[in-house]
file coords_4.cif (mmCIF, C-alpha atoms)
data_my_file
#
loop_
_atom_site.label_atom_id
_atom_site.label_comp_id
_atom_site.auth_asym_id
_atom_site.auth_seq_id
_atom_site.Cartn_x
_atom_site.Cartn_y
_atom_site.Cartn_z
CA MET A 1 113.11 44.91 -64.87
CA ASP A 2 112.56 42.50 -67.75
CA LYS A 3 116.08 43.13 -69.03
CA GLN A 4 117.53 42.45 -65.61
CA SER A 5 115.47 39.26 -65.36
CA ASP A 6 116.60 38.12 -68.79
CA ARG A 7 120.21 38.90 -67.93
CA PHE A 8 119.90 36.96 -64.68
CA LEU A 9 118.41 33.93 -66.49
CA GLU A 10 121.13 34.07 -69.12
CA GLN A 11 123.84 34.18 -66.49
CA LYS A 12 122.18 31.29 -64.67
CA ARG A 13 122.08 29.19 -67.84
CA ARG A 14 125.69 30.08 -68.59
CA SER A 15 126.76 29.08 -65.07
CA PHE A 16 124.84 25.82 -65.36
CA TRP A 17 126.50 24.84 -68.64
CA LEU A 18 129.93 26.02 -67.51
CA LYS A 19 129.69 23.93 -64.36
CA HIS A 20 128.64 20.74 -66.15
CA LEU A 21 130.92 21.19 -69.16
CA HIS A 22 133.92 21.79 -66.89
CA GLN A 23 132.98 18.74 -64.82
CA TRP A 24 132.74 16.42 -67.82
CA HIS A 25 135.80 18.01 -69.39
CA TRP A 26 138.06 17.30 -66.42
CA ILE A 27 136.60 13.84 -65.80
CA SER A 28 137.15 12.79 -69.42
CA SER A 29 140.64 14.33 -69.42
CA ALA A 30 141.54 12.37 -66.28
CA ILE A 31 140.29 9.12 -67.86
CA CYS A 32 142.16 9.55 -71.13
CA LEU A 33 145.29 11.35 -69.84
CA VAL A 34 147.66 8.36 -69.73
CA GLY A 35 146.18 6.87 -72.88
CA MET A 36 146.55 10.19 -74.69
CA LEU A 37 150.22 10.42 -73.70
CA LEU A 38 150.77 6.83 -74.86
CA PHE A 39 149.04 7.37 -78.20
CA ALA A 40 150.81 10.69 -78.81
CA ALA A 41 154.24 9.17 -78.11
CA THR A 42 153.59 6.06 -80.19
CA GLY A 43 152.18 8.25 -82.96
CA ILE A 44 155.69 9.70 -83.26
CA THR A 45 157.41 6.30 -83.13
CA LEU A 46 155.01 4.85 -85.71
CA ASN A 47 155.50 7.86 -87.99
CA HIS A 48 159.27 7.31 -87.83
CA ALA A 49 159.27 3.51 -87.66
CA SER A 50 161.67 3.17 -90.60
CA GLN A 51 164.21 5.41 -88.83
CA ILE A 52 164.11 3.58 -85.50
CA GLU A 53 166.56 0.72 -85.49
CA ALA A 54 165.24 -2.50 -83.97
CA HIS A 55 167.21 -5.45 -82.65
CA PRO A 56 164.87 -8.46 -82.50
CA ARG A 57 165.77 -11.14 -79.98
CA VAL A 58 164.99 -14.68 -81.13
CA VAL A 59 164.70 -17.59 -78.70
CA SER A 60 164.41 -21.18 -79.95
CA LYS A 61 163.56 -24.26 -77.92
CA GLU A 62 163.08 -27.94 -78.70
CA ALA A 63 161.49 -30.78 -76.77
CA GLN A 64 160.06 -34.26 -77.21
CA VAL A 65 156.46 -35.11 -76.33
CA PRO A 66 156.25 -38.39 -74.36
CA ALA A 67 155.30 -41.29 -76.64
CA GLU A 68 152.09 -42.09 -74.74
CA LEU A 69 150.90 -38.48 -75.02
CA ALA A 70 151.97 -38.20 -78.67
CA ARG A 71 149.99 -41.30 -79.67
CA ALA A 72 146.83 -39.79 -78.20
CA LEU A 73 147.06 -36.56 -80.20
CA ALA A 74 144.13 -35.97 -82.50
CA PRO A 75 141.91 -32.93 -83.17
CA GLU A 76 138.41 -32.97 -81.77
CA GLY A 77 136.01 -34.19 -84.44
CA GLY A 78 138.82 -34.51 -86.98
CA ALA A 79 138.80 -30.75 -87.65
CA ASP A 80 141.65 -28.92 -89.40
CA LYS A 81 141.59 -26.24 -86.70
CA ALA A 82 141.00 -27.04 -83.05
CA PRO A 83 142.43 -26.13 -79.62
CA LEU A 84 145.34 -28.09 -78.22
CA PRO A 85 144.37 -30.91 -75.87
CA ALA A 86 144.61 -29.76 -72.26
CA ALA A 87 147.18 -32.44 -71.38
CA LEU A 88 149.48 -31.41 -74.24
CA ARG A 89 149.12 -27.72 -73.46
CA GLN A 90 150.00 -28.24 -69.80
CA TRP A 91 153.01 -30.40 -70.73
CA LEU A 92 154.30 -27.84 -73.24
CA GLU A 93 153.93 -24.93 -70.80
CA ALA A 94 155.80 -26.83 -68.08
CA GLN A 95 158.48 -28.22 -70.41
CA LEU A 96 159.20 -25.02 -72.36
CA SER A 97 158.44 -22.54 -69.54
CA ILE A 98 156.05 -20.53 -71.73
CA ALA A 99 152.44 -19.38 -71.52
CA ILE A 100 150.38 -20.76 -74.40
CA GLY A 101 146.85 -19.92 -73.32
CA ASP A 102 144.09 -21.51 -75.38
CA PRO A 103 144.88 -20.80 -79.03
CA VAL A 104 143.38 -22.56 -82.03
CA ALA A 105 145.94 -24.90 -83.57
CA GLU A 106 146.23 -25.96 -87.20
CA TRP A 107 146.14 -29.74 -87.52
CA SER A 108 147.51 -31.78 -90.41
CA PRO A 109 148.43 -35.48 -90.69
CA ASP A 110 152.10 -34.60 -90.13
CA GLU A 111 152.07 -31.64 -87.80
CA ILE A 112 150.30 -29.48 -85.24
CA TYR A 113 151.10 -25.80 -85.77
CA VAL A 114 150.27 -23.03 -83.29
CA SER A 115 150.72 -19.33 -83.98
CA LEU A 116 151.33 -17.28 -80.82
CA PRO A 117 151.41 -13.60 -81.83
CA ARG A 118 151.62 -10.92 -79.17
CA PRO A 119 152.31 -7.18 -78.93
CA GLY A 120 155.93 -6.43 -79.71
CA GLY A 121 156.73 -9.89 -81.00
CA ASP A 122 155.65 -13.19 -82.45
CA ALA A 123 156.02 -16.83 -81.62
CA TRP A 124 155.13 -20.19 -83.10
CA LEU A 125 155.08 -23.76 -81.97
CA SER A 126 154.99 -27.01 -83.94
CA VAL A 127 154.58 -30.64 -82.89
CA GLU A 128 155.54 -33.22 -85.48
CA LEU A 129 153.30 -36.24 -85.81
CA PRO A 130 153.50 -39.03 -84.93
CA ASP A 131 156.96 -38.81 -83.28
CA GLY A 132 156.16 -35.77 -81.08
CA ALA A 133 159.18 -33.57 -81.84
CA VAL A 134 158.51 -30.03 -80.63
CA LYS A 135 159.96 -26.82 -82.03
CA TYR A 136 159.30 -23.41 -80.52
CA GLU A 137 160.53 -20.00 -81.63
CA SER A 138 159.86 -16.61 -80.07
CA THR A 139 160.80 -13.18 -81.47
CA ASP A 140 160.90 -10.12 -79.22
CA ARG A 141 161.16 -6.81 -81.12
CA GLY A 142 161.54 -4.60 -78.04
CA TRP A 143 159.54 -2.07 -76.04
CA ILE A 144 159.00 0.42 -78.84
CA SER A 145 157.43 -2.29 -80.98
CA TYR A 146 155.37 -3.39 -77.97
CA PHE A 147 153.87 0.06 -77.44
CA ASN A 148 153.39 0.56 -81.18
CA ASP A 149 151.31 -2.63 -81.24
CA LEU A 150 149.27 -1.36 -78.28
CA HIS A 151 148.59 1.77 -80.33
CA LYS A 152 147.37 -0.34 -83.26
CA GLY A 153 145.52 -2.88 -81.11
CA ARG A 154 147.59 -5.64 -82.76
CA ASN A 155 147.31 -9.02 -81.02
CA THR A 156 146.24 -7.35 -77.76
CA GLY A 157 143.20 -9.38 -76.79
CA GLU A 158 139.64 -8.57 -75.78
CA ALA A 159 140.41 -6.57 -72.63
CA TRP A 160 142.59 -4.08 -74.52
CA LYS A 161 139.92 -3.82 -77.22
CA TRP A 162 137.42 -2.69 -74.57
CA PHE A 163 139.96 -0.26 -73.15
CA LEU A 164 140.41 1.31 -76.61
CA ASP A 165 136.63 1.75 -76.91
CA VAL A 166 136.38 3.41 -73.47
CA PHE A 167 139.41 5.56 -74.24
CA ALA A 168 137.91 6.66 -77.58
CA VAL A 169 134.62 7.63 -75.92
CA ALA A 170 136.50 9.60 -73.23
CA CYS A 171 138.44 11.43 -75.96
CA LEU A 172 135.21 12.29 -77.76
CA VAL A 173 133.69 13.66 -74.54
CA PHE A 174 136.88 15.62 -73.87
CA CYS A 175 136.87 17.16 -77.37
CA VAL A 176 133.12 17.91 -77.51
CA THR A 177 133.06 19.54 -74.08
CA GLY A 178 136.17 21.46 -75.00
CA PHE A 179 134.47 22.74 -78.14
CA PHE A 180 131.48 24.02 -76.18
CA LEU A 181 133.76 25.63 -73.60
CA LEU A 182 135.52 27.40 -76.46
CA GLN A 183 132.16 28.62 -77.68
CA ILE A 184 131.19 29.96 -74.25
CA HIS A 185 134.51 31.76 -73.74
CA SER A 186 134.92 32.92 -77.34
CA ARG A 187 133.26 36.29 -76.63
CA ASN A 188 136.22 37.32 -74.53
CA ARG A 189 138.80 35.51 -76.67
CA PRO A 190 138.58 36.79 -80.27
CA VAL A 191 141.36 34.51 -81.47
CA THR A 192 139.35 31.36 -80.57
CA TRP A 193 137.64 30.66 -83.87
CA PRO A 194 140.60 31.64 -86.10
CA MET A 195 142.66 29.08 -84.15
CA VAL A 196 139.93 26.45 -84.53
CA ALA A 197 139.72 27.22 -88.27
CA LEU A 198 143.49 26.87 -88.53
CA GLY A 199 143.31 23.48 -86.81
CA VAL A 200 140.82 22.36 -89.46
CA ALA A 201 142.47 23.99 -92.46
CA VAL A 202 146.03 22.72 -91.94
CA PRO A 203 145.31 18.95 -92.02
CA LEU A 204 142.83 19.42 -94.88
CA PHE A 205 145.41 21.39 -96.88
CA LEU A 206 148.12 18.79 -96.26
CA ALA A 207 145.76 15.93 -97.15
CA PHE A 208 144.52 17.43 -100.41
CA VAL A 209 147.82 18.92 -101.59
CA PHE A 210 150.50 16.45 -100.46
CA ILE A 211 148.69 13.10 -100.16
CA HIS A 212 147.79 11.37 -103.42
#

call {"tool": "encode", "arguments": {"input": "coords_4.cif", "output": "structure tokens"}}
result
Amino acid sequence: MDKQSDRFLEQKRRSFWLKHLHQWHWISSAICLVGMLLFAATGITLNHASQIEAHPRVVSKEAQVPAELARALAPEGGADKAPLPAALRQWLEAQLSIAIGDPVAEWSPDEIYVSLPRPGGDAWLSVELPDGAVKYESTDRGWISYFNDLHKGRNTGEAWKWFLDVFAVACLVFCVTGFFLLQIHSRNRPVTWPMVALGVAVPLFLAFVFIH
């Protein structure tokens, strides 16, 4: 009777853990599915970046800030780095048909310089002082470069940073629950732990033998 009771309790515990581990495993896999596909694909493109030919597209624009607006240009508090004045930013966005946002500009006696990096490309903007001549240049390196930068979190902003954190946590939950599910099912799958050991041994071997 005691053996039957112990067996019943063991089966109950096993069912409890299987239920919850499967639940968290599929939830975490659903959350990180698209991100995992993206990171796996861009892992390949990043690993072969030198073999993937890129054709950057460069766009240049010029404009002239109105004299009245140009005369009023000065950094707040005389700082070397300060945001663009709202009036200038609105004029530039309308005149050049670009989105500038609210970047910090570099101010000097002769020039205002704004760096506008983004995933998959770069851009910069300069306003000469005091005459107000504007130069803008944008470089687009294509979709592969765009997704590679998403993979690296390069110039992607705060929202993408939070997404990467959530995605990383989901991946950890997915892997940890998967490990425990392997442990539970390993009794009926003798090859489980040799495969896990192989997954650990191969990258360690490659790292120690071929990476110096």

call {"tool": "closest_residue", "arguments": {"input": "coords_4.cif", "among": "A:Trp143, A:Phe180, A:Phe174, A:Phe16", "to": "A:Thr42", "atoms": "all atoms listed in the file"}}
result
A:Trp143

call {"tool": "resolve_selection", "arguments": {"input": "coords_4.cif", "expression": "the PyMOL selection byres ((chain A and resi 56-60) around 6)", "output": "PyMOL selection string"}}
result
chain A and resi 55+61+136-141

call {"tool": "write_last_selection", "arguments": {"input": "coords_4.cif", "atoms": "C-alpha atoms", "output": "short mmCIF file (atom, residue, chain, number, x, y, z; two decimals), keeping the file's coordinate frame"}}
result
data_model
loop_
_atom_site.label_atom_id
_atom_site.label_comp_id
_atom_site.auth_asym_id
_atom_site.auth_seq_id
_atom_site.Cartn_x
_atom_site.Cartn_y
_atom_site.Cartn_z
CA HIS A 55 167.21 -5.45 -82.65
CA LYS A 61 163.56 -24.26 -77.92
CA TYR A 136 159.30 -23.41 -80.52
CA GLU A 137 160.53 -20.00 -81.63
CA SER A 138 159.86 -16.61 -80.07
CA THR A 139 160.80 -13.18 -81.47
CA ASP A 140 160.90 -10.12 -79.22
CA ARG A 141 161.16 -6.81 -81.12
#

call {"tool": "residues_around", "arguments": {"input": "coords_4.cif", "residues": "stretch 99-109 of chain A", "least_positions_apart": "5", "cutoff": "9 Å", "atoms": "all atoms listed in the file", "output": "number ranges by chain"}}
result
A: 74-75, 78-84, 86, 89-90, 92-94, 114-116, 129-130

call {"tool": "residues_around", "arguments": {"input": "coords_4.cif", "residues": "stretch 64-68 of chain A", "least_positions_apart": "3", "cutoff": "10 Å", "atoms": "only C-alpha atoms", "output": "VMD selection string"}}
result
chain A and resid 71 to 73 88 91 to 92 95 127 to 128 130 to 135

call {"tool": "atom_distance", "arguments": {"input": "coords_4.cif", "atom1": "atom CA of A:Arg13", "atom2": "atom CA of A:Ala197"}}
result
27.1 Å

call {"tool": "resolve_selection", "arguments": {"input": "coords_4.cif", "expression": "the PyMOL selection byres ((chain A and resi 155-163) around 10)", "output": "ChimeraX atom specification"}}
result
/A:35,116-122,146,149-154,164-169

call {"tool": "atom_distance", "arguments": {"input": "coords_4.cif", "atom1": "atom CA of A:Trp124", "atom2": "atom CA of A:Glu62"}}
result
11.9 Å

call {"tool": "atom_distance", "arguments": {"input": "coords_4.cif", "atom1": "atom CA of A:Ser126", "atom2": "atom CA of A:Leu69"}}
result
15.1 Å

call {"tool": "residues_around", "arguments": {"input": "coords_4.cif", "residues": "A:Leu172", "least_positions_apart": "5", "cutoff": "12 Å", "atoms": "all atoms listed in the file", "output": "PDB file with C-alpha atoms, keeping the file's coordinate frame"}}
result
ATOM      1  CA  TRP A  24     132.740  16.420 -67.820  1.00  0.00           C
ATOM      2  CA  HIS A  25     135.800  18.010 -69.390  1.00  0.00           C
ATOM      3  CA  SER A  28     137.150  12.790 -69.420  1.00  0.00           C
ATOM      4  CA  SER A  29     140.640  14.330 -69.420  1.00  0.00           C
ATOM      5  CA  ILE A  31     140.290   9.120 -67.860  1.00  0.00           C
ATOM      6  CA  CYS A  32     142.160   9.550 -71.130  1.00  0.00           C
ATOM      7  CA  MET A  36     146.550  10.190 -74.690  1.00  0.00           C
ATOM      8  CA  ASP A 165     136.630   1.750 -76.910  1.00  0.00           C
ATOM      9  CA  VAL A 166     136.380   3.410 -73.470  1.00  0.00           C
ATOM     10  CA  PHE A 167     139.410   5.560 -74.240  1.00  0.00           C
ATOM     11  CA  THR A 177     133.060  19.540 -74.080  1.00  0.00           C
ATOM     12  CA  GLY A 178     136.170  21.460 -75.000  1.00  0.00           C
ATOM     13  CA  PHE A 179     134.470  22.740 -78.140  1.00  0.00           C
TER      14      PHE A 179
END

call {"tool": "resolve_selection", "arguments": {"input": "coords_4.cif", "expression": "the PyMOL selection byres ((chain A and resi 45-53) around 9)", "output": "list in words"}}
result
Ala41, Thr42, Gly43, Ile44, Ala54, His55, Ile144, Ser145, Asn148 and His151 of chain A

call {"tool": "residues_around", "arguments": {"input": "coords_4.cif", "residues": "stretch 184-190 of chain A", "least_positions_apart": "3", "cutoff": "8 Å", "atoms": "all atoms listed in the file", "output": "PyMOL selection string"}}
result
chain A and resi 14+18+180-181+193

call {"tool": "build_atoms", "arguments": {"input": "coords_4.cif", "residues": "stretch 175-198 of chain A", "atoms": "N, CA, C and O atoms", "output": "PDB file, keeping the file's coordinate frame"}}
result
ATOM      1  N   CYS A 175     136.836  16.231 -76.241  1.00  0.00           N
ATOM      2  CA  CYS A 175     136.870  17.160 -77.370  1.00  0.00           C
ATOM      3  C   CYS A 175     135.553  17.943 -77.500  1.00  0.00           C
ATOM      4  O   CYS A 175     135.563  19.161 -77.743  1.00  0.00           O
ATOM      5  N   VAL A 176     134.424  17.246 -77.351  1.00  0.00           N
ATOM      6  CA  VAL A 176     133.120  17.910 -77.510  1.00  0.00           C
ATOM      7  C   VAL A 176     132.906  18.937 -76.408  1.00  0.00           C
ATOM      8  O   VAL A 176     132.478  20.075 -76.666  1.00  0.00           O
ATOM      9  N   THR A 177     133.212  18.569 -75.164  1.00  0.00           N
ATOM     10  CA  THR A 177     133.060  19.540 -74.080  1.00  0.00           C
ATOM     11  C   THR A 177     134.040  20.691 -74.239  1.00  0.00           C
ATOM     12  O   THR A 177     133.707  21.839 -73.929  1.00  0.00           O
ATOM     13  N   GLY A 178     135.211  20.406 -74.736  1.00  0.00           N
ATOM     14  CA  GLY A 178     136.170  21.460 -75.000  1.00  0.00           C
ATOM     15  C   GLY A 178     135.670  22.436 -76.059  1.00  0.00           C
ATOM     16  O   GLY A 178     135.859  23.653 -75.945  1.00  0.00           O
ATOM     17  N   PHE A 179     135.026  21.886 -77.084  1.00  0.00           N
ATOM     18  CA  PHE A 179     134.470  22.740 -78.140  1.00  0.00           C
ATOM     19  C   PHE A 179     133.413  23.688 -77.577  1.00  0.00           C
ATOM     20  O   PHE A 179     133.413  24.890 -77.873  1.00  0.00           O
ATOM     21  N   PHE A 180     132.522  23.163 -76.752  1.00  0.00           N
ATOM     22  CA  PHE A 180     131.480  24.020 -76.180  1.00  0.00           C
ATOM     23  C   PHE A 180     132.046  25.034 -75.192  1.00  0.00           C
ATOM     24  O   PHE A 180     131.550  26.155 -75.085  1.00  0.00           O
ATOM     25  N   LEU A 181     133.102  24.655 -74.479  1.00  0.00           N
ATOM     26  CA  LEU A 181     133.760  25.630 -73.600  1.00  0.00           C
ATOM     27  C   LEU A 181     134.412  26.740 -74.416  1.00  0.00           C
ATOM     28  O   LEU A 181     134.387  27.913 -74.024  1.00  0.00           O
ATOM     29  N   LEU A 182     134.980  26.377 -75.564  1.00  0.00           N
ATOM     30  CA  LEU A 182     135.520  27.400 -76.460  1.00  0.00           C
ATOM     31  C   LEU A 182     134.425  28.365 -76.903  1.00  0.00           C
ATOM     32  O   LEU A 182     134.630  29.582 -76.955  1.00  0.00           O
ATOM     33  N   GLN A 183     133.279  27.788 -77.226  1.00  0.00           N
ATOM     34  CA  GLN A 183     132.160  28.620 -77.680  1.00  0.00           C
ATOM     35  C   GLN A 183     131.719  29.597 -76.587  1.00  0.00           C
ATOM     36  O   GLN A 183     131.457  30.776 -76.854  1.00  0.00           O
ATOM     37  N   ILE A 184     131.637  29.114 -75.360  1.00  0.00           N
ATOM     38  CA  ILE A 184     131.190  29.960 -74.250  1.00  0.00           C
ATOM     39  C   ILE A 184     132.182  31.087 -73.978  1.00  0.00           C
ATOM     40  O   ILE A 184     131.802  32.233 -73.730  1.00  0.00           O
ATOM     41  N   HIS A 185     133.488  30.766 -74.060  1.00  0.00           N
ATOM     42  CA  HIS A 185     134.510  31.760 -73.740  1.00  0.00           C
ATOM     43  C   HIS A 185     134.943  32.590 -74.943  1.00  0.00           C
ATOM     44  O   HIS A 185     135.749  33.521 -74.786  1.00  0.00           O
ATOM     45  N   SER A 186     134.434  32.254 -76.128  1.00  0.00           N
ATOM     46  CA  SER A 186     134.920  32.920 -77.340  1.00  0.00           C
ATOM     47  C   SER A 186     134.612  34.421 -77.370  1.00  0.00           C
ATOM     48  O   SER A 186     135.307  35.181 -78.049  1.00  0.00           O
ATOM     49  N   ARG A 187     133.593  34.855 -76.644  1.00  0.00           N
ATOM     50  CA  ARG A 187     133.260  36.290 -76.630  1.00  0.00           C
ATOM     51  C   ARG A 187     134.413  37.123 -76.104  1.00  0.00           C
ATOM     52  O   ARG A 187     134.656  38.230 -76.575  1.00  0.00           O
ATOM     53  N   ASN A 188     135.108  36.590 -75.135  1.00  0.00           N
ATOM     54  CA  ASN A 188     136.220  37.320 -74.530  1.00  0.00           C
ATOM     55  C   ASN A 188     137.573  36.912 -75.098  1.00  0.00           C
ATOM     56  O   ASN A 188     138.603  37.413 -74.642  1.00  0.00           O
ATOM     57  N   ARG A 189     137.550  35.988 -76.070  1.00  0.00           N
ATOM     58  CA  ARG A 189     138.800  35.510 -76.670  1.00  0.00           C
ATOM     59  C   ARG A 189     138.635  35.520 -78.196  1.00  0.00           C
ATOM     60  O   ARG A 189     138.303  34.495 -78.808  1.00  0.00           O
ATOM     61  N   PRO A 190     138.841  36.651 -78.834  1.00  0.00           N
ATOM     62  CA  PRO A 190     138.580  36.790 -80.270  1.00  0.00           C
ATOM     63  C   PRO A 190     139.371  35.825 -81.151  1.00  0.00           C
ATOM     64  O   PRO A 190     138.956  35.514 -82.257  1.00  0.00           O
ATOM     65  N   VAL A 191     140.503  35.372 -80.650  1.00  0.00           N
ATOM     66  CA  VAL A 191     141.360  34.510 -81.470  1.00  0.00           C
ATOM     67  C   VAL A 191     140.862  33.059 -81.486  1.00  0.00           C
ATOM     68  O   VAL A 191     141.393  32.229 -82.214  1.00  0.00           O
ATOM     69  N   THR A 192     139.826  32.743 -80.703  1.00  0.00           N
ATOM     70  CA  THR A 192     139.350  31.360 -80.570  1.00  0.00           C
ATOM     71  C   THR A 192     139.022  30.722 -81.906  1.00  0.00           C
ATOM     72  O   THR A 192     139.580  29.670 -82.280  1.00  0.00           O
ATOM     73  N   TRP A 193     138.102  31.309 -82.642  1.00  0.00           N
ATOM     74  CA  TRP A 193     137.640  30.660 -83.870  1.00  0.00           C
ATOM     75  C   TRP A 193     138.669  30.681 -84.990  1.00  0.00           C
ATOM     76  O   TRP A 193     138.752  29.711 -85.752  1.00  0.00           O
ATOM     77  N   PRO A 194     139.503  31.746 -85.134  1.00  0.00           N
ATOM     78  CA  PRO A 194     140.600  31.640 -86.100  1.00  0.00           C
ATOM     79  C   PRO A 194     141.545  30.470 -85.801  1.00  0.00           C
ATOM     80  O   PRO A 194     142.016  29.797 -86.719  1.00  0.00           O
ATOM     81  N   MET A 195     141.804  30.211 -84.511  1.00  0.00           N
ATOM     82  CA  MET A 195     142.660  29.080 -84.150  1.00  0.00           C
ATOM     83  C   MET A 195     141.987  27.753 -84.467  1.00  0.00           C
ATOM     84  O   MET A 195     142.624  26.810 -84.954  1.00  0.00           O
ATOM     85  N   VAL A 196     140.675  27.663 -84.198  1.00  0.00           N
ATOM     86  CA  VAL A 196     139.930  26.450 -84.530  1.00  0.00           C
ATOM     87  C   VAL A 196     139.936  26.233 -86.042  1.00  0.00           C
ATOM     88  O   VAL A 196     140.148  25.115 -86.537  1.00  0.00           O
ATOM     89  N   ALA A 197     139.712  27.320 -86.808  1.00  0.00           N
ATOM     90  CA  ALA A 197     139.720  27.220 -88.270  1.00  0.00           C
ATOM     91  C   ALA A 197     141.087  26.783 -88.777  1.00  0.00           C
ATOM     92  O   ALA A 197     141.184  25.983 -89.724  1.00  0.00           O
ATOM     93  N   LEU A 198     142.141  27.277 -88.141  1.00  0.00           N
ATOM     94  CA  LEU A 198     143.490  26.870 -88.530  1.00  0.00           C
ATOM     95  C   LEU A 198     143.714  25.386 -88.275  1.00  0.00           C
ATOM     96  O   LEU A 198     144.318  24.677 -89.091  1.00  0.00           O
TER      97      LEU A 198
END
